[in-house]
file data-v7.csv (CSV, C-alpha atoms)
chain,number,residue,atom,x,y,z
A,599,MET,CA,-124.2,-60.2,-127.6
A,600,ALA,CA,-123.3,-63.2,-125.5
A,601,ALA,CA,-121.4,-65.6,-127.7
A,602,MET,CA,-119.6,-68.9,-127.0
A,603,ALA,CA,-116.0,-69.6,-127.8
A,604,SER,CA,-115.5,-70.7,-131.4
A,605,SER,CA,-117.7,-73.8,-132.0
A,606,THR,CA,-120.2,-75.0,-134.6
A,607,THR,CA,-122.3,-77.1,-132.3
A,608,PRO,CA,-125.4,-76.0,-130.4
A,609,THR,CA,-124.9,-74.7,-126.8
A,610,ASN,CA,-127.4,-77.2,-125.5
A,611,PRO,CA,-126.7,-80.9,-126.2
A,612,LEU,CA,-130.4,-81.5,-126.2
A,613,VAL,CA,-130.7,-79.5,-129.5
A,614,GLY,CA,-130.6,-82.0,-132.4
A,615,PRO,CA,-132.9,-83.6,-135.0
A,616,LEU,CA,-135.1,-85.3,-132.4
A,617,LEU,CA,-135.9,-82.1,-130.6
A,618,THR,CA,-139.0,-81.8,-132.7
A,619,ASP,CA,-142.6,-82.7,-132.9
A,620,PHE,CA,-143.5,-86.2,-134.0
A,621,TYR,CA,-145.7,-84.9,-136.8
A,622,GLN,CA,-142.7,-83.4,-138.4
A,623,ILE,CA,-141.3,-86.9,-138.8
A,624,SER,CA,-144.5,-88.4,-140.0
A,625,MET,CA,-145.0,-85.6,-142.6
A,626,ALA,CA,-141.4,-86.1,-143.8
A,627,TYR,CA,-142.1,-89.8,-144.2
A,628,SER,CA,-145.2,-89.0,-146.3
A,629,TYR,CA,-143.1,-86.7,-148.5
A,630,TRP,CA,-140.5,-89.4,-148.9
A,631,LYS,CA,-143.0,-92.2,-149.6
A,632,HIS,CA,-144.7,-90.2,-152.3
A,633,GLY,CA,-141.5,-88.9,-153.9
A,634,ARG,CA,-141.9,-85.3,-152.8
A,635,HIS,CA,-139.1,-85.0,-150.3
A,636,GLU,CA,-136.7,-83.3,-152.7
A,637,THR,CA,-139.3,-80.8,-154.0
A,638,PRO,CA,-137.9,-77.2,-153.6
A,639,ALA,CA,-139.6,-75.4,-150.7
A,640,VAL,CA,-139.4,-72.2,-148.8
A,641,PHE,CA,-140.5,-71.8,-145.1
A,642,GLU,CA,-140.8,-68.5,-143.3
A,643,LEU,CA,-140.6,-68.1,-139.6
A,644,PHE,CA,-142.7,-65.2,-138.2
A,645,PHE,CA,-144.9,-64.3,-135.2
A,646,ARG,CA,-148.4,-62.9,-135.0
A,647,LYS,CA,-148.3,-60.3,-132.2
A,648,ASN,CA,-145.7,-58.6,-130.0
A,649,PRO,CA,-145.2,-60.0,-126.4
A,650,PHE,CA,-146.3,-58.1,-123.2
A,651,GLY,CA,-148.8,-56.0,-125.2
A,652,GLY,CA,-145.8,-54.0,-126.5
A,653,GLU,CA,-145.0,-52.3,-129.8
A,654,PHE,CA,-142.0,-54.2,-130.8
A,655,THR,CA,-140.0,-57.5,-130.5
A,656,VAL,CA,-136.2,-58.0,-130.4
A,657,PHE,CA,-135.2,-60.9,-132.6
A,658,ALA,CA,-132.8,-63.4,-131.0
A,659,GLY,CA,-131.7,-67.0,-131.3
A,660,LEU,CA,-130.1,-66.8,-134.7
A,661,ASP,CA,-126.7,-68.0,-133.6
A,662,GLU,CA,-128.2,-71.1,-132.1
A,663,CYS,CA,-130.3,-71.7,-135.2
A,664,LEU,CA,-127.2,-71.6,-137.4
A,665,ARG,CA,-125.3,-73.9,-135.0
A,666,TYR,CA,-128.2,-76.4,-135.1
A,667,VAL,CA,-128.4,-76.4,-138.9
A,668,GLU,CA,-124.7,-76.7,-139.4
A,669,ALA,CA,-124.4,-79.7,-137.0
A,670,PHE,CA,-127.6,-81.4,-138.1
A,671,ALA,CA,-127.1,-85.2,-138.4
A,672,VAL,CA,-129.4,-88.1,-137.5
A,673,THR,CA,-127.4,-90.7,-135.6
A,674,ASP,CA,-127.7,-94.5,-135.7
A,675,ASP,CA,-129.2,-94.3,-132.2
A,676,ASP,CA,-131.7,-91.8,-133.4
A,677,ILE,CA,-132.7,-94.1,-136.2
A,678,GLU,CA,-133.2,-97.1,-133.9
A,679,TYR,CA,-135.6,-95.0,-131.7
A,680,LEU,CA,-137.5,-93.6,-134.7
A,681,LYS,CA,-138.1,-97.1,-135.9
A,682,THR,CA,-140.1,-97.7,-132.7
A,683,LEU,CA,-142.3,-94.7,-133.5
A,684,LEU,CA,-142.8,-95.6,-137.2
A,685,PRO,CA,-142.7,-99.4,-137.1
A,686,SER,CA,-144.5,-99.7,-140.5
A,687,ALA,CA,-142.2,-97.2,-142.3
A,688,GLU,CA,-140.1,-98.6,-145.2
A,689,PRO,CA,-136.4,-99.1,-144.5
A,690,GLY,CA,-135.4,-96.7,-147.3
A,691,PHE,CA,-136.9,-93.8,-145.3
A,692,PHE,CA,-134.5,-94.4,-142.4
A,693,GLU,CA,-131.6,-94.7,-144.9
A,694,TRP,CA,-132.5,-91.3,-146.3
A,695,LEU,CA,-132.7,-89.8,-142.8
A,696,ARG,CA,-129.3,-91.2,-141.9
A,697,ARG,CA,-127.7,-89.6,-144.9
A,698,LEU,CA,-129.2,-86.1,-144.3
A,699,ASP,CA,-127.2,-83.0,-143.7
A,700,CYS,CA,-128.1,-79.3,-144.3
A,701,SER,CA,-125.7,-78.6,-147.2
A,702,ALA,CA,-128.7,-78.1,-149.4
A,703,ILE,CA,-130.4,-75.6,-147.0
A,704,THR,CA,-130.1,-71.8,-147.5
A,705,ILE,CA,-131.1,-69.5,-144.7
A,706,HIS,CA,-131.8,-65.8,-145.0
A,707,ALA,CA,-132.3,-64.0,-141.7
A,708,VAL,CA,-132.7,-60.7,-139.9
A,709,ARG,CA,-129.6,-59.8,-138.0
A,710,GLU,CA,-129.8,-61.0,-134.3
A,711,GLY,CA,-130.8,-58.1,-132.0
A,712,THR,CA,-132.8,-56.3,-134.6
A,713,ILE,CA,-136.2,-54.7,-133.8
A,714,VAL,CA,-138.9,-56.7,-135.6
A,715,PHE,CA,-142.6,-56.7,-136.0
A,716,PRO,CA,-145.5,-59.1,-136.4
A,717,LYS,CA,-146.0,-61.1,-139.6
A,718,CYS,CA,-142.6,-60.0,-140.9
A,719,PRO,CA,-140.3,-63.0,-141.7
A,720,LEU,CA,-137.4,-63.4,-139.3
A,721,LEU,CA,-136.0,-66.5,-141.0
A,722,ARG,CA,-136.5,-67.8,-144.6
A,723,VAL,CA,-135.4,-71.4,-144.9
A,724,GLN,CA,-135.0,-72.7,-148.5
A,725,GLY,CA,-134.2,-76.2,-149.5
A,726,PRO,CA,-135.7,-79.7,-150.1
A,727,LEU,CA,-139.2,-80.0,-148.7
A,728,GLY,CA,-138.6,-83.1,-146.5
A,729,LEU,CA,-135.5,-81.7,-144.9
A,730,ALA,CA,-136.8,-78.2,-144.4
A,731,GLN,CA,-139.9,-79.6,-142.7
A,732,LEU,CA,-137.7,-81.5,-140.2
A,733,LEU,CA,-136.1,-78.2,-139.2
A,734,GLU,CA,-139.3,-76.3,-138.4
A,735,THR,CA,-140.1,-77.1,-134.7
A,736,THR,CA,-136.5,-76.8,-133.6
A,737,LEU,CA,-136.0,-73.4,-135.2
A,738,LEU,CA,-139.2,-72.1,-133.7
A,739,ASN,CA,-138.0,-73.4,-130.3
A,740,LEU,CA,-134.7,-71.7,-130.6
A,741,VAL,CA,-136.1,-68.3,-131.7
A,742,ASN,CA,-139.3,-67.9,-129.6
A,743,PHE,CA,-138.0,-68.1,-126.0
A,744,ALA,CA,-134.8,-66.2,-127.0
A,745,SER,CA,-136.8,-63.3,-128.5
A,746,LEU,CA,-139.2,-63.3,-125.6
A,747,VAL,CA,-136.5,-62.9,-123.0
A,748,THR,CA,-134.5,-60.4,-125.1
A,749,THR,CA,-137.6,-58.3,-125.7
A,750,ASN,CA,-138.4,-58.2,-122.0
A,751,ALA,CA,-134.9,-57.2,-121.1
A,752,ALA,CA,-134.9,-54.5,-123.7
A,753,ARG,CA,-138.1,-53.1,-122.3
A,754,MET,CA,-136.6,-53.0,-118.8
A,755,ARG,CA,-133.5,-51.3,-120.2
A,756,LEU,CA,-135.7,-48.6,-121.8
A,757,ALA,CA,-137.6,-48.1,-118.6
A,758,ALA,CA,-134.5,-47.9,-116.4
A,759,GLY,CA,-132.5,-45.7,-118.8
A,760,PRO,CA,-129.0,-46.1,-120.2
A,761,ASP,CA,-127.1,-45.2,-117.0
A,762,LYS,CA,-128.6,-47.8,-114.6
A,763,ARG,CA,-126.9,-51.1,-114.0
A,764,LEU,CA,-129.3,-54.1,-114.6
A,765,LEU,CA,-128.4,-57.6,-113.4
A,766,GLU,CA,-130.2,-60.8,-114.1
A,767,PHE,CA,-130.8,-63.0,-111.0
A,768,GLY,CA,-133.5,-65.4,-112.3
A,769,LEU,CA,-131.8,-68.8,-112.3
A,770,ARG,CA,-133.6,-70.2,-109.2
A,771,ARG,CA,-137.0,-69.4,-110.8
A,772,ALA,CA,-136.1,-70.2,-114.4
A,773,GLN,CA,-137.8,-72.9,-116.5
A,774,GLY,CA,-135.2,-75.6,-115.6
A,775,PRO,CA,-131.4,-75.5,-116.3
A,776,ASP,CA,-131.9,-74.9,-120.0
A,777,GLY,CA,-134.3,-72.0,-119.5
A,778,GLY,CA,-132.0,-70.6,-116.8
A,779,VAL,CA,-128.9,-70.5,-119.0
A,780,SER,CA,-130.8,-69.2,-122.0
A,781,ALA,CA,-132.5,-66.4,-120.0
A,782,SER,CA,-129.1,-65.3,-118.6
A,783,ARG,CA,-127.7,-65.1,-122.2
A,784,TYR,CA,-130.6,-63.3,-123.8
A,785,ALA,CA,-131.2,-60.9,-120.9
A,786,PHE,CA,-127.6,-59.7,-121.7
A,787,THR,CA,-128.5,-59.6,-125.4
A,788,GLY,CA,-131.4,-57.4,-124.5
A,789,GLY,CA,-129.4,-54.8,-122.6
A,790,PHE,CA,-128.6,-56.2,-119.1
A,791,ASP,CA,-125.1,-55.7,-117.7
A,792,GLY,CA,-124.6,-59.1,-116.2
A,793,THR,CA,-125.9,-62.2,-114.5
A,794,SER,CA,-125.6,-64.2,-111.3
A,795,ASN,CA,-125.5,-67.4,-113.3
A,796,VAL,CA,-122.0,-68.9,-113.0
A,797,LEU,CA,-122.5,-71.5,-115.7
A,798,ALA,CA,-123.8,-69.0,-118.2
A,799,GLY,CA,-120.7,-66.9,-117.6
A,800,LYS,CA,-118.5,-69.9,-118.3
A,801,ILE,CA,-120.3,-70.8,-121.5
A,802,PHE,CA,-120.6,-67.3,-122.8
A,803,ARG,CA,-117.3,-65.7,-122.0
A,804,ASP,CA,-118.3,-62.1,-122.6
A,805,LEU,CA,-121.2,-62.3,-120.1
A,806,PRO,CA,-120.1,-60.7,-116.8
A,807,VAL,CA,-121.0,-62.6,-113.6
A,808,THR,CA,-121.8,-60.8,-110.4
A,809,GLY,CA,-124.0,-61.0,-107.4
A,810,THR,CA,-124.8,-60.0,-103.8
A,811,HIS,CA,-125.7,-62.3,-101.0
A,812,ALA,CA,-128.9,-64.1,-99.9
A,813,HIS,CA,-131.3,-63.6,-97.0
A,814,SER,CA,-129.8,-66.9,-95.5
A,815,TYR,CA,-126.4,-65.2,-95.3
A,816,VAL,CA,-127.9,-62.4,-93.2
A,817,GLN,CA,-129.8,-64.9,-91.0
A,818,ALA,CA,-126.6,-66.9,-90.5
A,819,HIS,CA,-125.3,-64.0,-88.4
A,820,ALA,CA,-127.0,-63.5,-85.0
A,821,SER,CA,-124.7,-60.9,-83.4
A,822,ARG,CA,-121.2,-59.4,-83.5
A,823,ALA,CA,-119.9,-62.6,-81.9
A,824,ASP,CA,-120.2,-64.1,-85.4
A,825,LEU,CA,-117.7,-61.6,-86.8
A,826,PRO,CA,-114.1,-62.7,-87.6
A,827,GLU,CA,-111.2,-61.7,-85.4
A,828,ASN,CA,-109.5,-59.9,-88.2
A,829,ARG,CA,-111.7,-56.9,-89.0
A,830,THR,CA,-109.1,-54.7,-90.6
A,831,ILE,CA,-108.7,-53.6,-94.2
A,832,ASN,CA,-105.9,-51.2,-95.2
A,833,GLY,CA,-105.4,-50.3,-91.5
A,834,VAL,CA,-109.1,-49.6,-90.9
A,835,ASP,CA,-111.1,-51.6,-88.4
A,836,VAL,CA,-114.3,-51.8,-90.5
A,837,VAL,CA,-116.5,-52.8,-87.6
A,838,GLU,CA,-115.3,-50.0,-85.3
A,839,ALA,CA,-115.5,-47.5,-88.2
A,840,ALA,CA,-119.1,-48.6,-88.9
A,841,LEU,CA,-120.0,-48.2,-85.2
A,842,ARG,CA,-118.5,-44.8,-85.2
A,843,TRP,CA,-120.6,-43.8,-88.2
A,844,ARG,CA,-123.7,-45.3,-86.5
A,845,TYR,CA,-123.1,-42.9,-83.6
A,846,ASP,CA,-122.2,-39.9,-85.9
A,847,LEU,CA,-125.4,-40.3,-87.9
A,848,GLY,CA,-127.6,-40.7,-84.8
A,849,TYR,CA,-128.5,-44.3,-85.6
A,850,ASP,CA,-127.8,-45.4,-82.0
A,851,ASP,CA,-131.1,-43.7,-81.1
A,852,ALA,CA,-132.9,-46.2,-83.4
A,853,ALA,CA,-133.4,-49.3,-81.2
A,854,ASN,CA,-134.6,-51.4,-84.2
A,855,LEU,CA,-131.2,-51.8,-85.9
A,856,HIS,CA,-130.6,-55.5,-86.2
A,857,GLU,CA,-127.2,-56.6,-84.9
A,858,GLY,CA,-127.2,-59.8,-86.8
A,859,GLU,CA,-127.8,-58.0,-90.1
A,860,PHE,CA,-125.1,-55.4,-89.2
A,861,SER,CA,-122.7,-58.3,-88.5
A,862,ALA,CA,-123.6,-60.0,-91.8
A,863,PHE,CA,-122.9,-56.8,-93.8
A,864,CYS,CA,-119.6,-56.3,-92.0
A,865,ALA,CA,-118.5,-59.9,-92.6
A,866,TYR,CA,-119.5,-59.7,-96.3
A,867,ALA,CA,-117.7,-56.4,-96.7
A,868,LEU,CA,-114.5,-57.8,-95.1
A,869,ALA,CA,-114.6,-60.8,-97.4
A,870,ASN,CA,-115.6,-58.9,-100.6
A,871,PRO,CA,-114.4,-55.3,-100.3
A,872,THR,CA,-114.3,-54.6,-104.0
A,873,GLU,CA,-117.8,-55.9,-104.7
A,874,PHE,CA,-119.8,-55.0,-101.5
A,875,SER,CA,-123.5,-54.7,-102.0
A,876,ALA,CA,-126.1,-55.6,-99.5
A,877,LEU,CA,-129.6,-57.2,-99.5
A,878,VAL,CA,-131.4,-54.9,-97.1
A,879,ASP,CA,-134.9,-56.3,-96.8
A,880,THR,CA,-134.3,-59.4,-94.6
A,881,TYR,CA,-135.9,-57.7,-91.6
A,882,SER,CA,-137.0,-54.2,-92.5
A,883,THR,CA,-135.6,-52.2,-95.4
A,884,MET,CA,-136.4,-48.8,-93.9
A,885,GLU,CA,-135.9,-49.4,-90.2
A,886,THR,CA,-132.7,-51.4,-90.2
A,887,GLY,CA,-131.4,-52.6,-93.6
A,888,LEU,CA,-130.6,-49.3,-95.3
A,889,ARG,CA,-129.0,-47.8,-92.1
A,890,ASN,CA,-126.9,-50.8,-91.5
A,891,PHE,CA,-125.7,-50.7,-95.1
A,892,ILE,CA,-124.9,-47.0,-94.9
A,893,THR,CA,-122.7,-47.4,-91.8
A,894,VAL,CA,-120.7,-50.4,-93.3
A,895,ALA,CA,-120.4,-48.6,-96.7
A,896,LEU,CA,-119.0,-45.5,-95.1
A,897,ALA,CA,-116.5,-47.6,-93.1
A,898,LEU,CA,-115.5,-49.5,-96.2
A,899,LYS,CA,-114.9,-46.1,-97.9
A,900,GLU,CA,-112.4,-45.2,-95.2
A,901,ALA,CA,-110.6,-48.4,-96.1
A,902,GLY,CA,-110.4,-47.2,-99.8
A,903,PHE,CA,-113.3,-49.2,-101.3
A,904,GLU,CA,-116.6,-48.0,-102.9
A,905,SER,CA,-119.7,-50.0,-102.2
A,906,LYS,CA,-121.8,-51.1,-105.2
A,907,GLY,CA,-125.3,-50.5,-103.8
A,908,VAL,CA,-128.2,-52.2,-102.2
A,909,ARG,CA,-130.6,-54.9,-103.3
A,910,ILE,CA,-134.3,-55.0,-102.4
A,911,ASP,CA,-136.3,-58.1,-103.1
A,912,SER,CA,-139.6,-57.5,-101.5
A,913,GLY,CA,-142.2,-54.8,-100.7
A,914,ASP,CA,-143.1,-51.9,-102.9
A,915,LEU,CA,-139.9,-51.7,-104.9
A,916,ALA,CA,-140.6,-48.4,-106.5
A,917,TYR,CA,-141.4,-46.7,-103.2
A,918,LEU,CA,-138.5,-48.3,-101.3
A,919,SER,CA,-136.1,-47.4,-104.1
A,920,LYS,CA,-137.1,-43.8,-103.9
A,921,GLN,CA,-136.9,-43.9,-100.1
A,922,ALA,CA,-133.4,-45.4,-100.3
A,923,ARG,CA,-132.3,-42.7,-102.6
A,924,ALA,CA,-133.7,-40.0,-100.3
A,925,LEU,CA,-132.0,-41.5,-97.3
A,926,PHE,CA,-128.7,-41.7,-99.2
A,927,ASP,CA,-129.0,-38.0,-100.2
A,928,ALA,CA,-129.9,-36.9,-96.7
A,929,THR,CA,-127.0,-38.9,-95.3
A,930,ALA,CA,-124.6,-37.2,-97.7
A,931,ASP,CA,-125.9,-33.8,-96.6
A,932,GLU,CA,-125.5,-34.7,-93.0
A,933,ILE,CA,-121.9,-35.9,-93.5
A,934,ALA,CA,-121.2,-32.6,-95.3
A,935,LYS,CA,-122.0,-30.8,-92.0
A,936,GLY,CA,-119.2,-32.7,-90.2
A,937,PRO,CA,-119.1,-35.5,-87.6
A,938,LYS,CA,-121.2,-35.1,-84.5
A,939,ALA,CA,-118.5,-36.4,-82.2
A,940,GLU,CA,-115.6,-38.8,-82.0
A,941,ILE,CA,-115.7,-42.1,-80.2
A,942,GLY,CA,-112.9,-42.8,-77.7
call {"tool": "encode", "arguments": {"input": "data-v7.csv", "output": "structure tokens"}}
result
Amino acid sequence: MAAMASSTTPTNPLVGPLLTDFYQISMAYSYWKHGRHETPAVFELFFRKNPFGGEFTVFAGLDECLRYVEAFAVTDDDIEYLKTLLPSAEPGFFEWLRRLDCSAITIHAVREGTIVFPKCPLLRVQGPLGLAQLLETTLLNLVNFASLVTTNAARMRLAAGPDKRLLEFGLRRAQGPDGGVSASRYAFTGGFDGTSNVLAGKIFRDLPVTGTHAHSYVQAHASRADLPENRTINGVDVVEAALRWRYDLGYDDAANLHEGEFSAFCAYALANPTEFSALVDTYSTMETGLRNFITVALALKEAGFESKGVRIDSGDLAYLSKQARALFDATADEIAKGPKAEIG
């Protein structure tokens, strides 16, 4: 579970009393005007069907709900804005709003991360009717997206199995900054191993941050002329070792190996030997990407470092993943037979 350092305020500063629908305010005014705002009430938060056509949902968002309730306070600035929305409301209503806190609210909830099902209450909010009404939209907002992402992540974990490493790289396609940070957090809650989202890692200190490189990095390398002068790690010239492996494995016969991609992989391995993984589909996963990765990975192993793996962003991912595994296995078998020859 990705949790913040000790704090009682919501992660997102946008979360507060005004993160709600206008009708919640107008209903609260009606309750107050007719003297019903202190009437004891119970609200239950539930959903009607599982997402993705699935059989279950993973409940998430409780931590943020509790932070929101504990920090609930309507500021003077909030009041001034609300007066523009309700210009005919009596002054006493705004005085009541300004004094509100959630000390009279009791929440009963399912434990965060629990498997839940439609029409079963996830939260039960008990307290004065007017105040409980004001909490409704925000609590729904904090639970719905969190549970959706957590459930999706859990489904992926079940499909991948317990021994596969799953990383969340969705920031650039997320629903804005808020959705991006939330998705990183709740993907981890649902079973992922880490994220590429640096800010999420800073906010949620138990959330591991990792990553590979982008297609632009590969394209920024045109040839071996783009490689650094110092190509040695632990006494091993990584570039020369990779070229030797290219010869030993018969890859020199494949004219389609992309030299810019090879140089990019070498440069990245030289800079990040403990975390080397390669994006292999910039040009062609099968014709050049995987083979360039293999030669650099084997060279890096000579220097004492294990590569982390490959990343494929495009094409038939299932097919290409199986082909990559087959090529890795065939390469291991070929290496077991011994080198074809030595260079030099």
call {"tool": "atom_distance", "arguments": {"input": "data-v7.csv", "atom1": "atom CA of A:Glu900", "atom2": "atom CA of A:Leu877"}}
result
21.4 Å
call {"tool": "residues_around", "arguments": {"input": "data-v7.csv", "residues": "stretch 837-841 of chain A", "least_positions_apart": "6", "cutoff": "6 Å", "atoms": "all atoms listed in the file", "output": "list in words"}}
result
Thr893, Val894 and Ala897 of chain A
call {"tool": "atom_distance", "arguments": {"input": "data-v7.csv", "atom1": "atom CA of A:Leu733", "atom2": "atom CA of A:Phe786"}}
result
26.8 Å
call {"tool": "residues_around", "arguments": {"input": "data-v7.csv", "residues": "A:Ala707", "least_positions_apart": "4", "cutoff": "7 Å", "atoms": "only C-alpha atoms", "output": "list of chain:residue names"}}
result
A:Leu720, A:Leu721, A:Arg722
call {"tool": "closest_atom_pairs", "arguments": {"input": "data-v7.csv", "of": "stretch 774-842 of chain A", "to": "stretch 607-626 of chain A", "cutoff": "12 Å", "atoms": "only C-alpha atoms", "output": "JSON lines"}}
result
{"residue": "A:Pro775", "atom": "CA", "partner": "A:Asn610", "partner_atom": "CA", "distance": 10.2}
{"residue": "A:Asp776", "atom": "CA", "partner": "A:Asn610", "partner_atom": "CA", "distance": 7.5}
{"residue": "A:Gly777", "atom": "CA", "partner": "A:Asn610", "partner_atom": "CA", "distance": 10.5}
{"residue": "A:Gly778", "atom": "CA", "partner": "A:Asn610", "partner_atom": "CA", "distance": 11.8}
{"residue": "A:Val779", "atom": "CA", "partner": "A:Asn610", "partner_atom": "CA", "distance": 9.5}
{"residue": "A:Ser780", "atom": "CA", "partner": "A:Asn610", "partner_atom": "CA", "distance": 9.4}
{"residue": "A:Arg783", "atom": "CA", "partner": "A:Thr609", "partner_atom": "CA", "distance": 11.0}
{"residue": "A:Leu797", "atom": "CA", "partner": "A:Thr609", "partner_atom": "CA", "distance": 11.8}
{"residue": "A:Ala798", "atom": "CA", "partner": "A:Thr609", "partner_atom": "CA", "distance": 10.4}
{"residue": "A:Lys800", "atom": "CA", "partner": "A:Thr609", "partner_atom": "CA", "distance": 11.7}
{"residue": "A:Ile801", "atom": "CA", "partner": "A:Thr609", "partner_atom": "CA", "distance": 8.0}
{"residue": "A:Phe802", "atom": "CA", "partner": "A:Thr609", "partner_atom": "CA", "distance": 9.4}
call {"tool": "residues_around", "arguments": {"input": "data-v7.csv", "residues": "A:Phe657", "least_positions_apart": "4", "cutoff": "8 Å", "atoms": "only C-alpha atoms", "output": "list in words"}}
result
Val708, Arg709, Glu710, Gly711, Thr712, Ile713, Val714, Leu720, Val741, Ala744, Ser745, Thr748 and Thr749 of chain A
call {"tool": "closest_residue", "arguments": {"input": "data-v7.csv", "among": "A:Thr830, A:Gln773, A:Thr606, A:Ser919", "to": "A:Ala669", "atoms": "all atoms listed in the file"}}
result
A:Thr606
call {"tool": "atom_distance", "arguments": {"input": "data-v7.csv", "atom1": "atom CA of A:Gly936", "atom2": "atom CA of A:Leu898"}}
result
18.2 Å
call {"tool": "residues_around", "arguments": {"input": "data-v7.csv", "residues": "A:Leu729", "least_positions_apart": "2", "cutoff": "9 Å", "atoms": "only C-alpha atoms", "output": "list in words"}}
result
Ala626, His635, Glu636, Leu695, Leu698, Asp699, Cys700, Ala702, Ile703, Gly725, Pro726, Leu727, Gln731, Leu732 and Leu733 of chain A
call {"tool": "build_atoms", "arguments": {"input": "data-v7.csv", "residues": "stretch 669-689 of chain A", "atoms": "N, CA and C atoms", "output": "PDB file, in the frame of the given file"}}
result
ATOM      1  N   ALA A 669    -124.782 -78.384-137.621  1.00  0.00           N
ATOM      2  CA  ALA A 669    -124.400 -79.700-137.000  1.00  0.00           C
ATOM      3  C   ALA A 669    -125.458 -80.751-137.224  1.00  0.00           C
ATOM      4  N   PHE A 670    -126.503 -80.468-137.999  1.00  0.00           N
ATOM      5  CA  PHE A 670    -127.600 -81.400-138.100  1.00  0.00           C
ATOM      6  C   PHE A 670    -127.137 -82.762-138.682  1.00  0.00           C
ATOM      7  N   ALA A 671    -127.448 -83.803-137.931  1.00  0.00           N
ATOM      8  CA  ALA A 671    -127.100 -85.200-138.400  1.00  0.00           C
ATOM      9  C   ALA A 671    -127.955 -86.137-137.541  1.00  0.00           C
ATOM     10  N   VAL A 672    -128.565 -87.083-138.203  1.00  0.00           N
ATOM     11  CA  VAL A 672    -129.400 -88.100-137.500  1.00  0.00           C
ATOM     12  C   VAL A 672    -128.455 -89.303-137.266  1.00  0.00           C
ATOM     13  N   THR A 673    -128.319 -89.668-135.999  1.00  0.00           N
ATOM     14  CA  THR A 673    -127.400 -90.700-135.600  1.00  0.00           C
ATOM     15  C   THR A 673    -128.042 -92.112-135.747  1.00  0.00           C
ATOM     16  N   ASP A 674    -127.212 -93.136-135.669  1.00  0.00           N
ATOM     17  CA  ASP A 674    -127.700 -94.500-135.700  1.00  0.00           C
ATOM     18  C   ASP A 674    -128.671 -94.741-134.492  1.00  0.00           C
ATOM     19  N   ASP A 675    -128.309 -94.195-133.348  1.00  0.00           N
ATOM     20  CA  ASP A 675    -129.200 -94.300-132.200  1.00  0.00           C
ATOM     21  C   ASP A 675    -130.505 -93.647-132.374  1.00  0.00           C
ATOM     22  N   ASP A 676    -130.476 -92.469-133.028  1.00  0.00           N
ATOM     23  CA  ASP A 676    -131.700 -91.800-133.400  1.00  0.00           C
ATOM     24  C   ASP A 676    -132.599 -92.667-134.263  1.00  0.00           C
ATOM     25  N   ILE A 677    -131.967 -93.265-135.245  1.00  0.00           N
ATOM     26  CA  ILE A 677    -132.700 -94.100-136.200  1.00  0.00           C
ATOM     27  C   ILE A 677    -133.378 -95.270-135.487  1.00  0.00           C
ATOM     28  N   GLU A 678    -132.657 -95.921-134.586  1.00  0.00           N
ATOM     29  CA  GLU A 678    -133.200 -97.100-133.900  1.00  0.00           C
ATOM     30  C   GLU A 678    -134.462 -96.633-133.074  1.00  0.00           C
ATOM     31  N   TYR A 679    -134.411 -95.440-132.477  1.00  0.00           N
ATOM     32  CA  TYR A 679    -135.600 -95.000-131.700  1.00  0.00           C
ATOM     33  C   TYR A 679    -136.731 -94.633-132.681  1.00  0.00           C
ATOM     34  N   LEU A 680    -136.432 -93.967-133.770  1.00  0.00           N
ATOM     35  CA  LEU A 680    -137.500 -93.600-134.700  1.00  0.00           C
ATOM     36  C   LEU A 680    -138.192 -94.804-135.310  1.00  0.00           C
ATOM     37  N   LYS A 681    -137.470 -95.892-135.444  1.00  0.00           N
ATOM     38  CA  LYS A 681    -138.100 -97.100-135.900  1.00  0.00           C
ATOM     39  C   LYS A 681    -139.193 -97.616-135.002  1.00  0.00           C
ATOM     40  N   THR A 682    -139.053 -97.340-133.701  1.00  0.00           N
ATOM     41  CA  THR A 682    -140.100 -97.700-132.700  1.00  0.00           C
ATOM     42  C   THR A 682    -141.325 -96.845-132.856  1.00  0.00           C
ATOM     43  N   LEU A 683    -141.134 -95.610-133.334  1.00  0.00           N
ATOM     44  CA  LEU A 683    -142.300 -94.700-133.500  1.00  0.00           C
ATOM     45  C   LEU A 683    -142.974 -94.916-134.830  1.00  0.00           C
ATOM     46  N   LEU A 684    -142.226 -95.360-135.819  1.00  0.00           N
ATOM     47  CA  LEU A 684    -142.800 -95.600-137.200  1.00  0.00           C
ATOM     48  C   LEU A 684    -142.490 -97.055-137.559  1.00  0.00           C
ATOM     49  N   PRO A 685    -143.090 -98.020-136.866  1.00  0.00           N
ATOM     50  CA  PRO A 685    -142.700 -99.400-137.100  1.00  0.00           C
ATOM     51  C   PRO A 685    -143.111 -99.907-138.525  1.00  0.00           C
ATOM     52  N   SER A 686    -144.041 -99.214-139.176  1.00  0.00           N
ATOM     53  CA  SER A 686    -144.500 -99.700-140.500  1.00  0.00           C
ATOM     54  C   SER A 686    -143.751 -98.924-141.629  1.00  0.00           C
ATOM     55  N   ALA A 687    -142.889 -97.982-141.290  1.00  0.00           N
ATOM     56  CA  ALA A 687    -142.200 -97.200-142.300  1.00  0.00           C
ATOM     57  C   ALA A 687    -141.219 -98.084-143.090  1.00  0.00           C
ATOM     58  N   GLU A 688    -141.044 -97.787-144.361  1.00  0.00           N
ATOM     59  CA  GLU A 688    -140.100 -98.600-145.200  1.00  0.00           C
ATOM     60  C   GLU A 688    -138.678 -98.278-144.826  1.00  0.00           C
ATOM     61  N   PRO A 689    -137.817 -99.263-144.917  1.00  0.00           N
ATOM     62  CA  PRO A 689    -136.400 -99.100-144.500  1.00  0.00           C
ATOM     63  C   PRO A 689    -135.714 -97.951-145.277  1.00  0.00           C
TER      64      PRO A 689
END
